[in-house]
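Everything below belongs to coords-v5.cif, which stores mmCIF, C-alpha atoms and all ligand atoms.
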data_upload
loop_
_atom_site.label_atom_id
_atom_site.label_comp_id
_atom_site.auth_asym_id
_atom_site.auth_seq_id
_atom_site.Cartn_x
_atom_site.Cartn_y
_atom_site.Cartn_z
CA THR U 492 -69.30 -125.51 47.94
CA GLN U 493 -70.45 -123.51 50.96
CA SER U 494 -73.55 -121.36 50.42
CA THR U 495 -73.73 -117.74 51.57
CA ARG U 496 -76.29 -116.34 54.01
CA PRO U 497 -78.08 -114.41 51.24
CA GLN U 498 -78.27 -117.63 49.19
CA ARG U 499 -79.79 -119.44 52.17
CA ILE U 500 -82.32 -116.62 52.62
CA LEU U 501 -83.31 -116.93 48.94
CA GLY U 502 -83.67 -120.70 49.47
CA ALA U 503 -86.02 -120.12 52.38
CA VAL U 504 -88.13 -117.85 50.17
CA GLN U 505 -88.25 -120.36 47.31
CA GLN U 506 -89.16 -123.21 49.68
CA ASN U 507 -91.70 -121.42 51.91
CA ALA U 508 -93.20 -118.46 50.06
CA THR U 509 -95.85 -118.42 47.34
CA ARG U 510 -94.78 -116.94 44.00
CA GLY U 511 -96.48 -113.57 43.47
CA ASP U 512 -97.38 -113.18 47.14
CA PRO U 513 -95.10 -110.46 48.61
CA ARG U 514 -96.35 -110.85 52.20
CA SER U 515 -95.51 -114.58 52.11
CA VAL U 516 -91.97 -113.64 50.98
CA VAL U 517 -91.64 -111.23 53.92
CA ARG U 518 -92.99 -113.89 56.32
CA ALA U 519 -90.63 -116.57 54.97
CA ILE U 520 -87.56 -114.36 55.48
CA ASP U 521 -88.63 -113.34 58.98
CA GLN U 522 -89.27 -116.96 60.01
CA TYR U 523 -85.89 -118.05 58.62
CA CYS U 524 -83.94 -115.20 60.25
CA ARG U 525 -85.73 -115.55 63.58
CA ASN U 526 -85.46 -119.35 63.79
CA GLN U 527 -82.39 -120.33 61.73
CA GLU U 528 -79.88 -117.51 61.34
CA TRP U 529 -79.97 -113.78 62.05
CA ALA U 530 -79.64 -111.37 59.12
CA MET U 531 -79.73 -107.58 58.86
CA ASN U 532 -83.26 -107.19 57.45
CA VAL U 533 -85.32 -104.41 59.00
CA GLY U 534 -87.43 -107.31 60.30
CA ASP U 535 -91.02 -107.81 61.44
CA GLU U 536 -91.17 -105.44 64.44
CA LYS U 537 -89.57 -102.39 62.81
CA GLY U 538 -91.24 -103.55 59.59
CA CYS U 539 -94.66 -102.76 61.04
CA ILE U 540 -93.50 -99.18 61.70
CA LEU U 541 -92.13 -99.05 58.15
CA ASP U 542 -95.51 -100.26 56.84
CA SER U 543 -97.39 -97.54 58.73
CA VAL U 544 -95.11 -94.77 57.44
CA VAL U 545 -95.35 -96.07 53.83
CA SER U 546 -99.15 -96.24 54.10
CA GLU U 547 -99.32 -92.72 55.58
CA VAL U 548 -97.03 -91.20 52.91
CA ASN U 549 -98.61 -93.25 50.08
CA PRO U 550 -95.58 -92.38 47.92
CA ALA U 551 -95.46 -92.28 44.11
CA THR U 552 -91.65 -92.33 44.17
CA VAL U 553 -89.47 -94.16 46.73
CA LEU U 554 -85.68 -94.42 47.02
CA GLU U 555 -84.10 -97.19 49.12
CA LEU U 556 -80.40 -97.00 50.00
CA GLY U 557 -79.02 -100.50 50.59
CA THR U 558 -81.04 -103.37 49.11
CA TYR U 559 -79.16 -106.33 50.69
CA CYS U 560 -81.52 -109.30 50.03
CA GLY U 561 -84.55 -107.19 49.15
CA TYR U 562 -86.62 -107.76 52.31
CA SER U 563 -87.56 -104.10 52.88
CA THR U 564 -87.69 -103.54 49.12
CA VAL U 565 -90.48 -106.13 48.82
CA ARG U 566 -92.13 -105.00 52.05
CA ILE U 567 -92.35 -101.37 50.86
CA ALA U 568 -93.30 -102.17 47.26
CA SER U 569 -96.14 -104.45 48.38
CA LEU U 570 -97.86 -101.36 49.86
CA LEU U 571 -97.37 -98.94 46.95
CA PRO U 572 -100.27 -97.63 44.87
CA PRO U 573 -100.47 -98.68 41.18
CA HIS U 574 -97.90 -96.90 38.93
CA ALA U 575 -95.76 -95.97 41.98
CA LYS U 576 -92.05 -96.74 41.57
CA LEU U 577 -89.33 -97.81 44.00
CA ILE U 578 -85.66 -97.38 43.08
CA THR U 579 -83.27 -99.37 45.28
CA LEU U 580 -79.47 -99.01 45.22
CA GLU U 581 -77.05 -101.87 45.99
CA PHE U 582 -73.32 -101.89 45.23
CA ASN U 583 -72.55 -105.51 46.17
CA PRO U 584 -73.22 -107.59 43.01
CA GLU U 585 -73.63 -110.82 45.01
CA PHE U 586 -76.41 -109.23 47.08
CA ALA U 587 -77.97 -107.71 43.95
CA VAL U 588 -78.20 -111.14 42.30
CA ILE U 589 -80.08 -112.51 45.33
CA ALA U 590 -82.32 -109.46 45.73
CA ARG U 591 -83.40 -109.62 42.07
CA GLN U 592 -84.58 -113.21 42.62
CA VAL U 593 -86.40 -112.33 45.85
CA ILE U 594 -88.11 -109.42 44.07
CA ALA U 595 -89.04 -111.71 41.15
CA TRP U 596 -90.45 -114.36 43.52
CA ALA U 597 -92.67 -111.66 45.04
CA GLY U 598 -93.78 -110.65 41.53
CA LEU U 599 -92.84 -107.00 42.07
CA GLU U 600 -90.45 -106.47 39.14
CA ASP U 601 -92.78 -103.85 37.62
CA LYS U 602 -92.68 -101.63 40.72
CA ILE U 603 -89.03 -102.02 41.65
CA GLN U 604 -85.90 -100.88 39.82
CA LEU U 605 -82.75 -102.31 41.44
CA VAL U 606 -79.74 -100.26 40.34
CA GLU U 607 -76.27 -101.68 40.99
CA GLY U 608 -73.81 -99.07 42.17
CA ALA U 609 -72.79 -96.76 44.99
CA SER U 610 -75.30 -94.21 46.30
CA GLY U 611 -72.66 -91.45 46.14
CA ASP U 612 -72.26 -92.02 42.40
CA LEU U 613 -75.91 -92.74 41.56
CA ILE U 614 -77.75 -90.01 43.51
CA PRO U 615 -76.34 -87.24 41.26
CA LYS U 616 -77.58 -89.17 38.22
CA MET U 617 -81.12 -89.83 39.44
CA LYS U 618 -82.81 -87.05 37.48
CA GLU U 619 -81.06 -87.50 34.12
CA GLN U 620 -80.72 -91.32 34.11
CA PHE U 621 -83.87 -92.45 35.91
CA GLY U 622 -86.28 -89.63 35.06
CA VAL U 623 -86.89 -88.83 38.73
CA GLU U 624 -88.04 -85.36 39.82
CA THR U 625 -88.13 -85.75 43.62
CA PHE U 626 -88.64 -88.62 46.06
CA ASP U 627 -91.71 -88.75 48.29
CA LEU U 628 -90.05 -91.27 50.59
CA VAL U 629 -86.42 -92.34 51.16
CA PHE U 630 -85.57 -95.45 53.24
CA LEU U 631 -81.99 -95.34 54.54
CA ASP U 632 -80.54 -98.73 55.48
CA HIS U 633 -77.05 -98.82 53.98
CA TRP U 634 -73.65 -98.13 55.65
CA LYS U 635 -74.50 -96.09 58.74
CA ASP U 636 -71.74 -93.50 58.21
CA ARG U 637 -73.21 -92.71 54.79
CA TYR U 638 -76.69 -91.63 55.96
CA LEU U 639 -75.64 -88.01 56.58
CA PRO U 640 -73.45 -87.40 53.50
CA ASP U 641 -76.06 -89.00 51.24
CA THR U 642 -78.85 -86.91 52.78
CA LYS U 643 -76.86 -83.74 52.10
CA LEU U 644 -76.18 -85.02 48.57
CA MET U 645 -79.91 -85.64 47.96
CA GLU U 646 -80.64 -82.06 49.09
CA GLU U 647 -77.92 -80.65 46.83
CA CYS U 648 -79.23 -82.65 43.85
CA GLY U 649 -82.75 -81.30 44.38
CA LEU U 650 -84.19 -84.75 45.03
CA LEU U 651 -86.11 -83.68 48.15
CA ARG U 652 -89.21 -81.46 48.09
CA LYS U 653 -91.22 -79.83 50.88
CA GLY U 654 -92.79 -82.82 52.63
CA SER U 655 -90.38 -85.53 51.44
CA VAL U 656 -90.02 -88.13 54.19
CA LEU U 657 -86.71 -89.74 55.19
CA LEU U 658 -87.04 -92.97 57.21
CA ALA U 659 -83.77 -94.23 58.68
CA ASP U 660 -83.15 -97.71 60.11
CA ASN U 661 -80.69 -98.46 62.95
CA VAL U 662 -80.43 -94.99 64.45
CA ILE U 663 -79.64 -96.65 67.84
CA CYS U 664 -78.05 -100.00 66.87
CA PRO U 665 -75.53 -99.94 65.19
CA GLY U 666 -76.32 -96.21 65.43
CA THR U 667 -76.02 -93.19 63.19
CA PRO U 668 -75.03 -90.42 65.64
CA ASP U 669 -73.99 -87.72 63.17
CA TYR U 670 -77.16 -88.23 61.06
CA LEU U 671 -79.40 -88.20 64.13
CA GLU U 672 -77.80 -85.01 65.48
CA PHE U 673 -78.23 -83.36 62.07
CA VAL U 674 -81.90 -84.15 61.39
CA ARG U 675 -82.89 -83.45 65.02
CA SER U 676 -81.16 -80.05 65.20
CA SER U 677 -81.66 -78.78 61.63
CA PRO U 678 -84.53 -76.26 61.21
CA ARG U 679 -85.11 -77.82 57.78
CA TYR U 680 -86.31 -81.17 59.21
CA GLU U 681 -89.13 -82.21 61.52
CA SER U 682 -87.88 -85.43 63.14
CA GLN U 683 -89.62 -88.17 65.12
CA TYR U 684 -88.15 -91.30 66.76
CA PHE U 685 -90.02 -94.62 66.67
CA LYS U 686 -88.62 -96.80 69.44
CA SER U 687 -88.39 -100.50 68.62
CA HIS U 688 -85.88 -103.36 68.74
CA LEU U 689 -83.03 -104.61 66.60
CA GLU U 690 -84.46 -107.15 64.16
CA TYR U 691 -85.14 -110.56 65.74
CA THR U 692 -83.64 -109.49 69.11
CA LYS U 693 -84.56 -107.71 72.36
CA VAL U 694 -81.82 -105.08 71.87
CA GLU U 695 -83.13 -101.52 71.56
CA ASP U 696 -83.14 -99.93 68.13
CA GLY U 697 -85.50 -97.61 66.30
CA LEU U 698 -86.44 -95.75 63.15
CA GLU U 699 -86.12 -91.98 62.73
CA LYS U 700 -88.73 -90.32 60.51
CA SER U 701 -87.63 -86.90 59.26
CA VAL U 702 -89.81 -84.65 57.09
CA PHE U 703 -87.90 -82.25 54.85
CA LEU U 704 -89.42 -78.77 55.28
CA GLY U 705 -87.89 -77.28 52.10
C1 LIG J 1 -72.34 -96.26 50.61
N1 LIG J 1 -73.18 -96.43 49.48
C2 LIG J 1 -73.83 -97.58 49.19
N2 LIG J 1 -74.42 -97.69 47.97
C3 LIG J 1 -75.08 -98.81 47.65
N3 LIG J 1 -75.21 -99.88 48.46
C4 LIG J 1 -74.62 -99.81 49.69
C5 LIG J 1 -73.93 -98.66 50.11
N4 LIG J 1 -73.50 -98.87 51.37
C6 LIG J 1 -73.89 -100.11 51.72
N5 LIG J 1 -74.58 -100.68 50.71
C7 LIG J 1 -75.23 -101.98 50.71
O1 LIG J 1 -76.29 -101.88 51.66
C8 LIG J 1 -76.27 -102.99 52.55
C9 LIG J 1 -75.64 -102.56 53.83
C10 LIG J 1 -76.32 -102.45 54.95
C11 LIG J 1 -75.64 -101.98 56.22
N6 LIG J 1 -76.49 -102.35 57.35
C12 LIG J 1 -75.92 -102.66 58.51
O2 LIG J 1 -74.71 -102.58 58.68
C13 LIG J 1 -76.82 -103.13 59.59
C14 LIG J 1 -76.23 -103.74 60.69
C15 LIG J 1 -77.01 -104.23 61.74
C16 LIG J 1 -76.38 -104.86 62.89
C17 LIG J 1 -76.81 -104.59 64.18
C18 LIG J 1 -76.20 -105.19 65.29
C19 LIG J 1 -75.15 -106.08 65.10
F1 LIG J 1 -74.57 -106.68 66.16
C20 LIG J 1 -74.70 -106.35 63.80
C21 LIG J 1 -75.31 -105.75 62.71
C22 LIG J 1 -78.42 -104.12 61.67
C23 LIG J 1 -78.99 -103.51 60.55
O3 LIG J 1 -80.36 -103.38 60.45
C24 LIG J 1 -78.21 -103.00 59.53
O4 LIG J 1 -78.85 -102.37 58.48
C25 LIG J 1 -75.43 -104.01 51.83
F2 LIG J 1 -74.88 -104.92 52.66
C26 LIG J 1 -74.36 -103.15 51.16
O5 LIG J 1 -73.76 -103.82 50.07
MG MG J 2 -80.89 -101.99 58.93
#

For this file, write the structure as structure tokens.
Ligand SMILES: CNc1ncnc2c1ncn2[C@@H]1O[C@H](/C=C/CNC(=O)c2cc(-c3ccc(F)cc3)cc(O)c2O)[C@H](F)[C@H]1O
Ligand SMILES: [Mg+2]
Amino acid sequence: TQSTRPQRILGAVQQNATRGDPRSVVRAIDQYCRNQEWAMNVGDEKGCILDSVVSEVNPATVLELGTYCGYSTVRIASLLPPHAKLITLEFNPEFAVIARQVIAWAGLEDKIQLVEGASGDLIPKMKEQFGVETFDLVFLDHWKDRYLPDTKLMEECGLLRKGSVLLADNVICPGTPDYLEFVRSSPRYESQYFKSHLEYTKVEDGLEKSVFLG
């Protein structure tokens, strides 16, 4: 039977990456998606910007919205200090199955909690069900029309504190116009655009880093 793109990405990891070596997992996915078939990972170019923001924030608690195959999940978790935790939300069970195996291959199960479900349902349960106070860093990379409602929901649920950093993928391509307008005009956020390119292409895209001011 025909394999799916996520299954082929997992295969590339299992064939080309070293178990327990997260950076080799990241490299294997980038090489596959650049040379064989495109996939919507944040990728190597925007990934370097992601790395620098993660290193700067040095977060104890991270929330990722939209796991897909776990590329950015592994990339972020590989840079976290000991005892730091990353919660990643994914509502497509087929993607979750693949992402769990990619995370396991990287040996990062202890740092990453993949929760299956929709962000709109899970965000209100973060405190009670997952023992989270606030998030130091949130990486938004799920449906683009959900960035703004979920940001407002995180505020309402008290999951952001003064200094929490939101990092949003794809603010140019496919684009998140309502989110961008909000974080750039709101007095409660200090926003900065990092110009880059759509993963594995020459098309413009970028990341928006927005610090919640409380
Ligand atoms: C809505 N709440 C959700 N809760 C949990 N998991 C979710 C939720 N919503 C989606 N998911 C989950 O998060 C993922 C969704 C990622 C969406 N990403 C993109 O569409 C996306 C698209 C392009 C792109 C650019 C140009 C072009 F020509 C074609 C594509 C580039 C990118 O970097 C992207 O990130 C996953 F698939 C979905 O199940
Ligand atoms: Mg993306």

Quiz item: To one decimal place, how far is CA of Asp636 in chain U from CA of Ser701 in chain U in Å?
Solution: 17.2 Å

Quiz prompt | Pick from U:Asp612, U:Asp660, U:Glu585, U:Glu672, whichever lies nearest to ligand MG 2 (chain J) using only C-alpha atoms and all ligand atoms | solution =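 Ranking U:Asp612, U:Asp660, U:Glu585, U:Glu672 by distance to ligand MG 2 (chain J), first place goes to U:Asp660.
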
Within 10 Å of Asp521 in chain U, counting only C-alpha atoms, which residues qualify if same-chain residues fewer than 2 places away don't, as a PDB file with C-alpha atoms, in the frame of the given file?
ATOM      1  CA  ILE U 500     -82.320-116.620  52.620  1.00  0.00           C
ATOM      2  CA  ALA U 503     -86.020-120.120  52.380  1.00  0.00           C
ATOM      3  CA  VAL U 504     -88.130-117.850  50.170  1.00  0.00           C
ATOM      4  CA  SER U 515     -95.510-114.580  52.110  1.00  0.00           C
ATOM      5  CA  VAL U 516     -91.970-113.640  50.980  1.00  0.00           C
ATOM      6  CA  VAL U 517     -91.640-111.230  53.920  1.00  0.00           C
ATOM      7  CA  ARG U 518     -92.990-113.890  56.320  1.00  0.00           C
ATOM      8  CA  ALA U 519     -90.630-116.570  54.970  1.00  0.00           C
ATOM      9  CA  TYR U 523     -85.890-118.050  58.620  1.00  0.00           C
ATOM     10  CA  CYS U 524     -83.940-115.200  60.250  1.00  0.00           C
ATOM     11  CA  ARG U 525     -85.730-115.550  63.580  1.00  0.00           C
ATOM     12  CA  ASN U 526     -85.460-119.350  63.790  1.00  0.00           C
ATOM     13  CA  GLN U 527     -82.390-120.330  61.730  1.00  0.00           C
ATOM     14  CA  GLU U 528     -79.880-117.510  61.340  1.00  0.00           C
ATOM     15  CA  TRP U 529     -79.970-113.780  62.050  1.00  0.00           C
ATOM     16  CA  ALA U 530     -79.640-111.370  59.120  1.00  0.00           C
ATOM     17  CA  ASN U 532     -83.260-107.190  57.450  1.00  0.00           C
ATOM     18  CA  VAL U 533     -85.320-104.410  59.000  1.00  0.00           C
ATOM     19  CA  GLY U 534     -87.430-107.310  60.300  1.00  0.00           C
ATOM     20  CA  ASP U 535     -91.020-107.810  61.440  1.00  0.00           C
ATOM     21  CA  GLU U 536     -91.170-105.440  64.440  1.00  0.00           C
ATOM     22  CA  TYR U 562     -86.620-107.760  52.310  1.00  0.00           C
ATOM     23  CA  GLU U 690     -84.460-107.150  64.160  1.00  0.00           C
ATOM     24  CA  TYR U 691     -85.140-110.560  65.740  1.00  0.00           C
TER      25      TYR U 691
END

Quiz item: So, counting all atoms listed in the file, which residue among U:Leu580, U:Cys664, U:Ala508, U:Leu698 is closest to Ser610 in chain U?
Solution: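 Closest to Ser610 in chain U, using all atoms listed in the file: U:Leu580.
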
Report as a short mmCIF file (atom, residue, chain, number, x, y, z; two decimals) with C-alpha atoms, in the frame of the given file all protein, DNA and RNA residues lying within 9 Å of Ile663 in chain U, evaluated on all atoms listed in the file, omitting residues in the same chain fewer than 6 positions from it.
data_model
loop_
_atom_site.label_atom_id
_atom_site.label_comp_id
_atom_site.auth_asym_id
_atom_site.auth_seq_id
_atom_site.Cartn_x
_atom_site.Cartn_y
_atom_site.Cartn_z
CA LEU U 689 -83.03 -104.61 66.60
CA GLU U 695 -83.13 -101.52 71.56
CA ASP U 696 -83.14 -99.93 68.13
CA GLY U 697 -85.50 -97.61 66.30
CA LEU U 698 -86.44 -95.75 63.15
#

Quiz prompt | Distance criterion (all atoms listed in the file): nearest to His574 in chain U out of U:Val606, U:Val553, U:Cys539, U:Val545 | solution =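 Nearest candidate to His574 in chain U out of U:Val606, U:Val553, U:Cys539, U:Val545: U:Val553.
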
Quiz item: What does the distance between CA of His688 in chain U and atom C19 of ligand LIG 1 (chain J) come to in Å, to one decimal place?
Solution: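 Pair CA of His688 in chain U / atom C19 of ligand LIG 1 (chain J) returns 11.7 Å.
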
Quick one: contact table of chain U to ligand LIG 1 (chain J), 7 Å max, nearest atom pair and distance in Å to one decimal per residue, counting all atoms listed in the file, chain and number order, as JSON lines?
{"residue": "U:Met531", "atom": "CA", "partner": "J:LIG1", "partner_atom": "C23", "distance": 4.5}
{"residue": "U:Asn532", "atom": "CA", "partner": "J:LIG1", "partner_atom": "O3", "distance": 5.7}
{"residue": "U:Val533", "atom": "CA", "partner": "J:LIG1", "partner_atom": "O3", "distance": 5.3}
{"residue": "U:Leu556", "atom": "CA", "partner": "J:LIG1", "partner_atom": "C3", "distance": 6.1}
{"residue": "U:Gly557", "atom": "CA", "partner": "J:LIG1", "partner_atom": "O1", "distance": 3.2}
{"residue": "U:Thr558", "atom": "CA", "partner": "J:LIG1", "partner_atom": "O1", "distance": 5.6}
{"residue": "U:Tyr559", "atom": "CA", "partner": "J:LIG1", "partner_atom": "C25", "distance": 4.5}
{"residue": "U:Leu580", "atom": "CA", "partner": "J:LIG1", "partner_atom": "C3", "distance": 5.0}
{"residue": "U:Glu581", "atom": "CA", "partner": "J:LIG1", "partner_atom": "N3", "distance": 3.7}
{"residue": "U:Phe582", "atom": "CA", "partner": "J:LIG1", "partner_atom": "N3", "distance": 4.2}
{"residue": "U:Asn583", "atom": "CA", "partner": "J:LIG1", "partner_atom": "O5", "distance": 4.4}
{"residue": "U:Phe586", "atom": "CA", "partner": "J:LIG1", "partner_atom": "O5", "distance": 6.7}
{"residue": "U:Gly608", "atom": "CA", "partner": "J:LIG1", "partner_atom": "C3", "distance": 5.6}
{"residue": "U:Ala609", "atom": "CA", "partner": "J:LIG1", "partner_atom": "N2", "distance": 3.5}
{"residue": "U:Ser610", "atom": "CA", "partner": "J:LIG1", "partner_atom": "N2", "distance": 4.0}
{"residue": "U:Gly611", "atom": "CA", "partner": "J:LIG1", "partner_atom": "N1", "distance": 6.0}
{"residue": "U:Asp632", "atom": "CA", "partner": "J:LIG1", "partner_atom": "O4", "distance": 5.0}
{"residue": "U:His633", "atom": "CA", "partner": "J:LIG1", "partner_atom": "C10", "distance": 3.8}
{"residue": "U:Trp634", "atom": "CA", "partner": "J:LIG1", "partner_atom": "N4", "distance": 4.3}
{"residue": "U:Lys635", "atom": "CA", "partner": "J:LIG1", "partner_atom": "O2", "distance": 6.5}
{"residue": "U:Arg637", "atom": "CA", "partner": "J:LIG1", "partner_atom": "C1", "distance": 5.6}
{"residue": "U:Asp660", "atom": "CA", "partner": "J:LIG1", "partner_atom": "O3", "distance": 6.3}
{"residue": "U:Asn661", "atom": "CA", "partner": "J:LIG1", "partner_atom": "O3", "distance": 5.5}
{"residue": "U:Cys664", "atom": "CA", "partner": "J:LIG1", "partner_atom": "C17", "distance": 5.5}
{"residue": "U:Pro665", "atom": "CA", "partner": "J:LIG1", "partner_atom": "C17", "distance": 4.9}
{"residue": "U:Leu689", "atom": "CA", "partner": "J:LIG1", "partner_atom": "C17", "distance": 6.7}
{"residue": "U:Glu690", "atom": "CA", "partner": "J:LIG1", "partner_atom": "O3", "distance": 6.7}

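Taking all atoms listed in the file into account, ligand MG 2 (chain J) lies nearest to U:Gly538 out of the set U:Gly538, U:Pro615, U:Pro550, U:Gly649.
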
Exercise. Counting only C-alpha atoms, figure out which residue out of U:Val593, U:Ala587, U:Leu657, U:Val623 gets nearest to Gly502 in chain U.
Key: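 Among the listed residues, the smallest separation from Gly502 in chain U belongs to U:Val593.
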
Quiz prompt | Nearest to Asp542 in chain U, chosen from U:Ser569, U:Ser682, U:Gln604, U:Gln498, with only C-alpha atoms counted in the distances | solution =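 Distance minimum relative to Asp542 in chain U lands on U:Ser569.
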
Quiz item: What gap, in Å, lies between CA of Ile589 in chain U and CA of Cys560 in chain U?
Solution: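 Interatomic distance here is 5.9 Å.
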
Quiz prompt | Neighbour list for Leu599 in chain U as a list in words, cut-off 10 Å, all atoms listed in the file, skip fewer than 3 positions in-chain | solution = Gly511, Asp512, Pro513, Thr564, Val565, Ala568, Ser569, Arg591, Val593, Ile594, Ala595, Trp596, Lys602, Ile603 and Gln604 of chain U

Quiz prompt | Within 6 Å of Gly705 in chain U using all atoms listed in the file, minus same-chain residues under 2 positions, as a ChimeraX atom specification | solution = /U:652-653,703
